[in-house]
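Coordinates from work-v9.cif are shown below (mmCIF, C-alpha atoms).
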```
data_run
loop_
_atom_site.label_atom_id
_atom_site.label_comp_id
_atom_site.auth_asym_id
_atom_site.auth_seq_id
_atom_site.Cartn_x
_atom_site.Cartn_y
_atom_site.Cartn_z
CA MET T 1415 -6.96 -43.33 -11.82
CA PRO T 1416 -6.64 -39.76 -13.21
CA THR T 1417 -7.90 -39.06 -16.68
CA PRO T 1418 -5.21 -38.55 -19.29
CA PRO T 1419 -4.83 -35.04 -20.73
CA PRO T 1420 -6.70 -34.46 -23.97
CA SER T 1421 -4.66 -35.20 -27.04
CA PRO T 1422 -4.72 -33.28 -30.33
CA LEU T 1423 -4.89 -36.67 -32.07
CA CYS T 1424 -8.02 -38.74 -32.75
CA PRO T 1425 -8.21 -41.72 -30.31
CA SER T 1426 -9.58 -43.91 -33.11
CA CYS T 1427 -7.68 -43.08 -36.33
CA ASP T 1428 -4.68 -41.27 -34.74
CA ARG T 1429 -4.97 -38.25 -37.08
CA TYR T 1430 -4.46 -34.67 -35.93
CA ILE T 1431 -7.81 -33.04 -35.05
CA GLY T 1432 -6.67 -30.18 -32.77
CA PRO T 1433 -9.30 -28.96 -30.30
CA ALA T 1434 -12.25 -30.48 -32.20
CA GLY T 1435 -14.72 -32.51 -30.16
CA ASN T 1436 -15.31 -35.05 -32.92
CA CYS T 1437 -12.87 -36.35 -35.49
CA PRO T 1438 -13.71 -34.90 -38.93
CA TYR T 1439 -12.30 -38.06 -40.58
CA CYS T 1440 -13.93 -40.90 -38.69
CA ASN T 1441 -16.46 -39.03 -36.48
CA ALA T 1442 -15.07 -40.57 -33.30
CA SER T 1443 -15.65 -38.66 -30.07
CA ALA T 1444 -12.54 -37.06 -28.61
CA THR T 1445 -11.97 -35.79 -25.11
CA LYS T 1446 -12.24 -32.03 -24.82
CA ASN T 1447 -9.92 -29.85 -22.81
CA PRO T 1448 -12.04 -28.34 -20.00
CA MET T 1449 -9.72 -25.35 -19.72
CA LEU T 1450 -10.22 -24.56 -23.43
CA GLN T 1451 -14.00 -24.79 -22.99
CA ALA T 1452 -13.84 -22.42 -20.01
CA ILE T 1453 -11.74 -19.94 -22.02
CA ARG T 1454 -14.26 -20.04 -24.89
CA ILE T 1455 -17.20 -19.36 -22.55
CA ALA T 1456 -15.29 -16.59 -20.73
CA ALA T 1457 -14.38 -14.93 -24.06
CA VAL T 1458 -18.01 -14.85 -25.18
CA LEU T 1459 -19.18 -13.48 -21.82
CA LEU T 1460 -16.44 -10.85 -21.72
CA ALA T 1461 -17.22 -9.70 -25.27
CA THR T 1462 -20.95 -9.46 -24.46
CA VAL T 1463 -20.33 -7.43 -21.30
CA GLY T 1464 -17.89 -5.18 -23.18
CA LEU T 1465 -20.41 -4.48 -25.93
CA ALA T 1466 -23.13 -3.73 -23.38
CA LEU T 1467 -20.87 -1.26 -21.55
CA LEU T 1468 -19.87 0.37 -24.83
CA TYR T 1469 -23.55 0.77 -25.78
CA VAL T 1470 -24.48 2.30 -22.41
CA THR T 1471 -21.52 4.68 -22.55
CA ALA T 1472 -22.35 5.78 -26.10
CA ARG T 1473 -26.03 6.38 -25.29
CA HIS T 1474 -25.31 8.52 -22.23
CA SER T 1475 -22.36 10.57 -23.42
CA GLU T 1476 -22.83 14.10 -24.68
CA PRO T 1477 -21.03 15.38 -27.77
CA PRO T 1478 -18.21 17.83 -27.11
CA THR T 1479 -18.85 21.57 -27.33
CA VAL T 1480 -16.57 23.10 -29.95
CA SER T 1481 -15.98 26.63 -31.08
CA ILE T 1482 -16.42 27.26 -34.79
CA SER T 1483 -12.71 27.94 -35.36
CA GLU T 1484 -11.86 24.48 -33.99
CA ILE T 1485 -13.72 22.75 -36.84
CA THR T 1486 -11.26 21.17 -39.27
CA PRO T 1487 -11.61 18.77 -42.24
CA VAL T 1488 -10.66 15.81 -40.03
CA MET T 1489 -13.92 16.45 -38.13
CA ASN T 1490 -16.06 15.53 -41.14
CA PHE T 1491 -19.15 13.58 -39.93
CA ALA T 1492 -18.30 14.30 -36.27
CA HIS T 1493 -21.24 14.76 -33.90
CA VAL T 1494 -20.65 18.02 -32.00
CA ARG T 1495 -22.38 20.75 -30.02
CA VAL T 1496 -21.96 24.40 -31.03
CA VAL T 1497 -23.22 27.44 -29.14
CA GLY T 1498 -23.60 30.74 -30.91
CA MET T 1499 -25.74 33.69 -31.91
CA VAL T 1500 -28.00 33.68 -34.97
CA ASN T 1501 -26.98 36.56 -37.24
CA ARG T 1502 -30.15 36.70 -39.39
CA ARG T 1503 -33.52 34.99 -39.48
CA ALA T 1504 -33.82 31.42 -40.70
CA TYR T 1505 -34.30 30.70 -44.41
CA ILE T 1506 -37.18 28.42 -45.38
CA SER T 1507 -37.33 26.85 -48.84
CA LYS T 1508 -40.50 27.20 -50.93
CA ASP T 1509 -41.39 23.52 -50.55
CA ARG T 1510 -40.69 23.74 -46.78
CA ALA T 1511 -38.22 20.84 -47.03
CA TYR T 1512 -35.19 22.91 -45.97
CA VAL T 1513 -34.48 25.29 -43.13
CA GLY T 1514 -31.12 26.97 -42.82
CA PHE T 1515 -29.57 29.61 -40.61
CA THR T 1516 -26.10 30.86 -39.75
CA ILE T 1517 -24.70 31.08 -36.26
CA GLU T 1518 -21.66 32.99 -35.06
CA ASP T 1519 -19.48 32.75 -32.03
CA GLU T 1520 -16.40 34.80 -31.17
CA THR T 1521 -14.32 32.70 -33.58
CA GLY T 1522 -16.34 32.38 -36.78
CA ARG T 1523 -19.54 31.45 -38.63
CA LEU T 1524 -21.26 28.12 -39.19
CA ARG T 1525 -24.19 27.23 -41.42
CA VAL T 1526 -26.84 25.02 -39.80
CA ALA T 1527 -29.17 23.02 -42.06
CA ALA T 1528 -32.26 20.89 -41.47
CA TYR T 1529 -33.93 18.85 -44.20
CA ARG T 1530 -37.27 17.15 -44.86
CA ASP T 1531 -39.01 15.93 -41.68
CA VAL T 1532 -36.80 17.91 -39.34
CA ALA T 1533 -37.34 21.11 -41.35
CA LYS T 1534 -41.10 20.60 -41.39
CA ALA T 1535 -41.11 19.94 -37.64
CA LEU T 1536 -39.15 23.15 -37.00
CA ILE T 1537 -41.67 25.13 -39.05
CA GLU T 1538 -44.76 23.45 -37.53
CA ASN T 1539 -43.48 23.85 -33.95
CA ALA T 1540 -42.38 27.47 -34.52
CA MET T 1541 -38.79 26.59 -33.60
CA LEU T 1542 -37.19 28.94 -36.10
CA PRO T 1543 -34.45 31.08 -34.56
CA ALA T 1544 -34.56 34.80 -35.21
CA ALA T 1545 -31.68 37.23 -35.55
CA GLY T 1546 -30.03 37.78 -32.19
CA ASP T 1547 -31.23 34.54 -30.61
CA ARG T 1548 -28.67 32.44 -28.80
CA VAL T 1549 -28.78 28.80 -29.91
CA GLU T 1550 -27.21 25.55 -28.82
CA VAL T 1551 -27.27 23.05 -31.65
CA ARG T 1552 -26.04 19.46 -31.86
CA GLY T 1553 -25.56 17.64 -35.11
CA SER T 1554 -23.25 16.11 -37.69
CA LEU T 1555 -20.59 18.20 -39.36
CA SER T 1556 -19.95 18.30 -43.08
CA VAL T 1557 -16.48 19.67 -43.64
CA THR T 1558 -14.81 19.79 -47.05
CA ALA T 1559 -11.70 21.58 -48.20
CA GLU T 1560 -13.61 23.47 -50.91
CA SER T 1561 -16.47 24.94 -48.88
CA GLU T 1562 -17.36 26.27 -45.47
CA PRO T 1563 -18.34 23.73 -42.80
CA LYS T 1564 -22.00 22.95 -42.29
CA LEU T 1565 -23.82 21.35 -39.37
CA TYR T 1566 -26.79 19.08 -40.11
CA LEU T 1567 -29.56 19.09 -37.54
CA LYS T 1568 -30.97 15.55 -37.24
CA THR T 1569 -33.82 16.17 -34.80
CA THR T 1570 -35.62 19.15 -33.27
CA ASP T 1571 -34.54 17.93 -29.81
CA HIS T 1572 -30.99 18.97 -30.65
CA LEU T 1573 -31.85 22.65 -31.03
CA THR T 1574 -32.20 24.91 -28.00
CA ILE T 1575 -33.15 28.53 -28.64
CA THR T 1576 -32.75 31.30 -26.08
CA PRO T 1577 -34.60 34.35 -27.43
CA SER T 1578 -32.82 37.67 -27.40
CA THR T 1579 -34.31 40.54 -25.44
CA ASP T 1580 -33.20 43.09 -28.03
CA LYS T 1581 -33.28 41.67 -31.53
CA PRO T 1582 -31.42 43.43 -34.33
CA THR T 1583 -33.26 44.03 -37.57
CA SER T 1584 -32.16 42.14 -40.66
#
```

Written as structure tokens, how would this file's structure read?
Amino acid sequence: MPTPPPSPLCPSCDRYIGPAGNCPYCNASATKNPMLQAIRIAAVLLATVGLALLYVTARHSEPPTVSISEITPVMNFAHVRVVGMVNRRAYISKDRAYVGFTIEDETGRLRVAAYRDVAKALIENAMLPAAGDRVEVRGSLSVTAESEPKLYLKTTDHLTITPSTDKPTS
């Protein structure tokens, strides 16, 4: 004899319990829909696989290379890569907690800033770009309507310096 399809009503008190396994009113056991259980398990597995793929994709993707003129206020906090030429030597604050320099490409200028641990690591590892050096820098943009955009360097690994063969004096 085939089993009857699961009912949304409690077999004991005949109240509506929906897909619950036990009646919340009398605690009687109700038959569960096997298809609903399979859908629940599949949904959890699919969500887990999707999150894992999203994580792997995010970890292995490179930020886009943008020219300085392409930077707009809607790119605030965007993680980007910019390639340009340093126009004067890097500035170091007196307490060595800030390093800043300006880069230029054919389209404009961009201020690059490093703070605290990153600034100290740049100084200690002699990774300060000089005037005329070509740099590739990745970091987070800070773009406001009132001021020029700025790129924040988050780690020394995101700065690549190609020294110039003929450096201008500044």

- Task: Pull out every residue that the PyMOL selection byres ((chain T and resi 1478-1482) around 9) matches in the shown coordinates and put them as an MDAnalysis selection string.
- Result: chainID T and resid 1476:1477 1483:1485 1493:1498 1518:1524 1552 1563

- Task: Check the smallest atom-to-atom distance from each of T:Leu1573, T:Val1470, T:Leu1450, T:Val1463 to Met1541 in chain T using only C-alpha atoms, then report the winner.
- Result: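 Residue with the minimum atom-to-atom distance to Met1541 in chain T: T:Leu1573.
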
- Query: Looking at all atoms listed in the file, which of T:Ala1452, T:Ala1442, T:Leu1567, T:Val1557 is the one that sits closest to Arg1530 in chain T?
  - Reply: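 Closest candidate: T:Leu1567.
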
- Task: Could you state which residues are captured by the PyMOL selection byres ((chain T and resi 1511-1517) around 7) in this file, as a ChimeraX atom specification?
- Result: /T:1498-1501,1503-1507,1509-1510,1518-1519,1523-1530,1533-1534

- With distances taken over all atoms listed in the file, the candidate from T:Ala1472, T:Tyr1430, T:Pro1425, T:Ala1461 nearest Ala1444 in chain T is T:Pro1425

- Any idea what the distance is between CA of Ser1578 in chain T and CA of Ala1492 in chain T?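 Between CA of Ser1578 in chain T and CA of Ala1492 in chain T the gap works out to 28.9 Å.
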
Given the file shown, determine the residues that the PyMOL selection byres ((chain T and resi 1443) around 12) selects; report them as a compact mmCIF listing (two decimals) with C-alpha atoms, keeping the file's coordinate frame.
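Just written: part-v6.txt:
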```txt
# COMPACT_ATOMS: atom_id res chain seq x y z
CA PRO T 1420 -6.70 -34.46 -23.97
CA SER T 1421 -4.66 -35.20 -27.04
CA LEU T 1423 -4.89 -36.67 -32.07
CA CYS T 1424 -8.02 -38.74 -32.75
CA PRO T 1425 -8.21 -41.72 -30.31
CA SER T 1426 -9.58 -43.91 -33.11
CA CYS T 1427 -7.68 -43.08 -36.33
CA ILE T 1431 -7.81 -33.04 -35.05
CA PRO T 1433 -9.30 -28.96 -30.30
CA ALA T 1434 -12.25 -30.48 -32.20
CA GLY T 1435 -14.72 -32.51 -30.16
CA ASN T 1436 -15.31 -35.05 -32.92
CA CYS T 1437 -12.87 -36.35 -35.49
CA PRO T 1438 -13.71 -34.90 -38.93
CA TYR T 1439 -12.30 -38.06 -40.58
CA CYS T 1440 -13.93 -40.90 -38.69
CA ASN T 1441 -16.46 -39.03 -36.48
CA ALA T 1442 -15.07 -40.57 -33.30
CA ALA T 1444 -12.54 -37.06 -28.61
CA THR T 1445 -11.97 -35.79 -25.11
CA LYS T 1446 -12.24 -32.03 -24.82
```

N, CA and C atoms restored at range 1427-1444 of chain T, emitted as a PDB file, keeping the file's coordinate frame:
```
ATOM      1  N   CYS T1427      -8.486 -42.976 -35.096  1.00  0.00           N
ATOM      2  CA  CYS T1427      -7.680 -43.080 -36.330  1.00  0.00           C
ATOM      3  C   CYS T1427      -6.302 -42.453 -36.189  1.00  0.00           C
ATOM      4  N   ASP T1428      -5.991 -41.852 -35.059  1.00  0.00           N
ATOM      5  CA  ASP T1428      -4.680 -41.270 -34.740  1.00  0.00           C
ATOM      6  C   ASP T1428      -4.276 -40.133 -35.684  1.00  0.00           C
ATOM      7  N   ARG T1429      -5.253 -39.433 -36.252  1.00  0.00           N
ATOM      8  CA  ARG T1429      -4.970 -38.250 -37.080  1.00  0.00           C
ATOM      9  C   ARG T1429      -5.085 -36.997 -36.210  1.00  0.00           C
ATOM     10  N   TYR T1430      -4.420 -35.933 -36.655  1.00  0.00           N
ATOM     11  CA  TYR T1430      -4.460 -34.670 -35.930  1.00  0.00           C
ATOM     12  C   TYR T1430      -5.843 -34.026 -36.112  1.00  0.00           C
ATOM     13  N   ILE T1431      -6.499 -33.713 -34.987  1.00  0.00           N
ATOM     14  CA  ILE T1431      -7.810 -33.040 -35.050  1.00  0.00           C
ATOM     15  C   ILE T1431      -7.817 -31.742 -34.241  1.00  0.00           C
ATOM     16  N   GLY T1432      -6.741 -31.408 -33.549  1.00  0.00           N
ATOM     17  CA  GLY T1432      -6.670 -30.180 -32.770  1.00  0.00           C
ATOM     18  C   GLY T1432      -7.679 -30.169 -31.643  1.00  0.00           C
ATOM     19  N   PRO T1433      -8.361 -29.046 -31.415  1.00  0.00           N
ATOM     20  CA  PRO T1433      -9.300 -28.960 -30.300  1.00  0.00           C
ATOM     21  C   PRO T1433     -10.715 -29.440 -30.634  1.00  0.00           C
ATOM     22  N   ALA T1434     -10.910 -30.046 -31.791  1.00  0.00           N
ATOM     23  CA  ALA T1434     -12.250 -30.480 -32.200  1.00  0.00           C
ATOM     24  C   ALA T1434     -12.784 -31.530 -31.238  1.00  0.00           C
ATOM     25  N   GLY T1435     -14.082 -31.545 -31.044  1.00  0.00           N
ATOM     26  CA  GLY T1435     -14.720 -32.510 -30.160  1.00  0.00           C
ATOM     27  C   GLY T1435     -14.945 -33.853 -30.828  1.00  0.00           C
ATOM     28  N   ASN T1436     -15.134 -33.832 -32.137  1.00  0.00           N
ATOM     29  CA  ASN T1436     -15.310 -35.050 -32.920  1.00  0.00           C
ATOM     30  C   ASN T1436     -14.309 -35.049 -34.060  1.00  0.00           C
ATOM     31  N   CYS T1437     -13.830 -36.212 -34.403  1.00  0.00           N
ATOM     32  CA  CYS T1437     -12.870 -36.350 -35.490  1.00  0.00           C
ATOM     33  C   CYS T1437     -13.586 -36.085 -36.823  1.00  0.00           C
ATOM     34  N   PRO T1438     -13.072 -35.160 -37.644  1.00  0.00           N
ATOM     35  CA  PRO T1438     -13.710 -34.900 -38.930  1.00  0.00           C
ATOM     36  C   PRO T1438     -13.503 -36.024 -39.947  1.00  0.00           C
ATOM     37  N   TYR T1439     -12.589 -36.966 -39.643  1.00  0.00           N
ATOM     38  CA  TYR T1439     -12.300 -38.060 -40.580  1.00  0.00           C
ATOM     39  C   TYR T1439     -13.137 -39.299 -40.286  1.00  0.00           C
ATOM     40  N   CYS T1440     -13.191 -39.671 -39.013  1.00  0.00           N
ATOM     41  CA  CYS T1440     -13.930 -40.900 -38.690  1.00  0.00           C
ATOM     42  C   CYS T1440     -15.108 -40.671 -37.751  1.00  0.00           C
ATOM     43  N   ASN T1441     -15.343 -39.440 -37.335  1.00  0.00           N
ATOM     44  CA  ASN T1441     -16.460 -39.030 -36.480  1.00  0.00           C
ATOM     45  C   ASN T1441     -16.403 -39.652 -35.078  1.00  0.00           C
ATOM     46  N   ALA T1442     -15.219 -40.035 -34.648  1.00  0.00           N
ATOM     47  CA  ALA T1442     -15.070 -40.570 -33.300  1.00  0.00           C
ATOM     48  C   ALA T1442     -15.084 -39.418 -32.308  1.00  0.00           C
ATOM     49  N   SER T1443     -15.589 -39.673 -31.117  1.00  0.00           N
ATOM     50  CA  SER T1443     -15.650 -38.660 -30.070  1.00  0.00           C
ATOM     51  C   SER T1443     -14.281 -38.544 -29.413  1.00  0.00           C
ATOM     52  N   ALA T1444     -13.829 -37.308 -29.239  1.00  0.00           N
ATOM     53  CA  ALA T1444     -12.540 -37.060 -28.610  1.00  0.00           C
ATOM     54  C   ALA T1444     -12.763 -36.331 -27.299  1.00  0.00           C
TER      55      ALA T1444
END
```
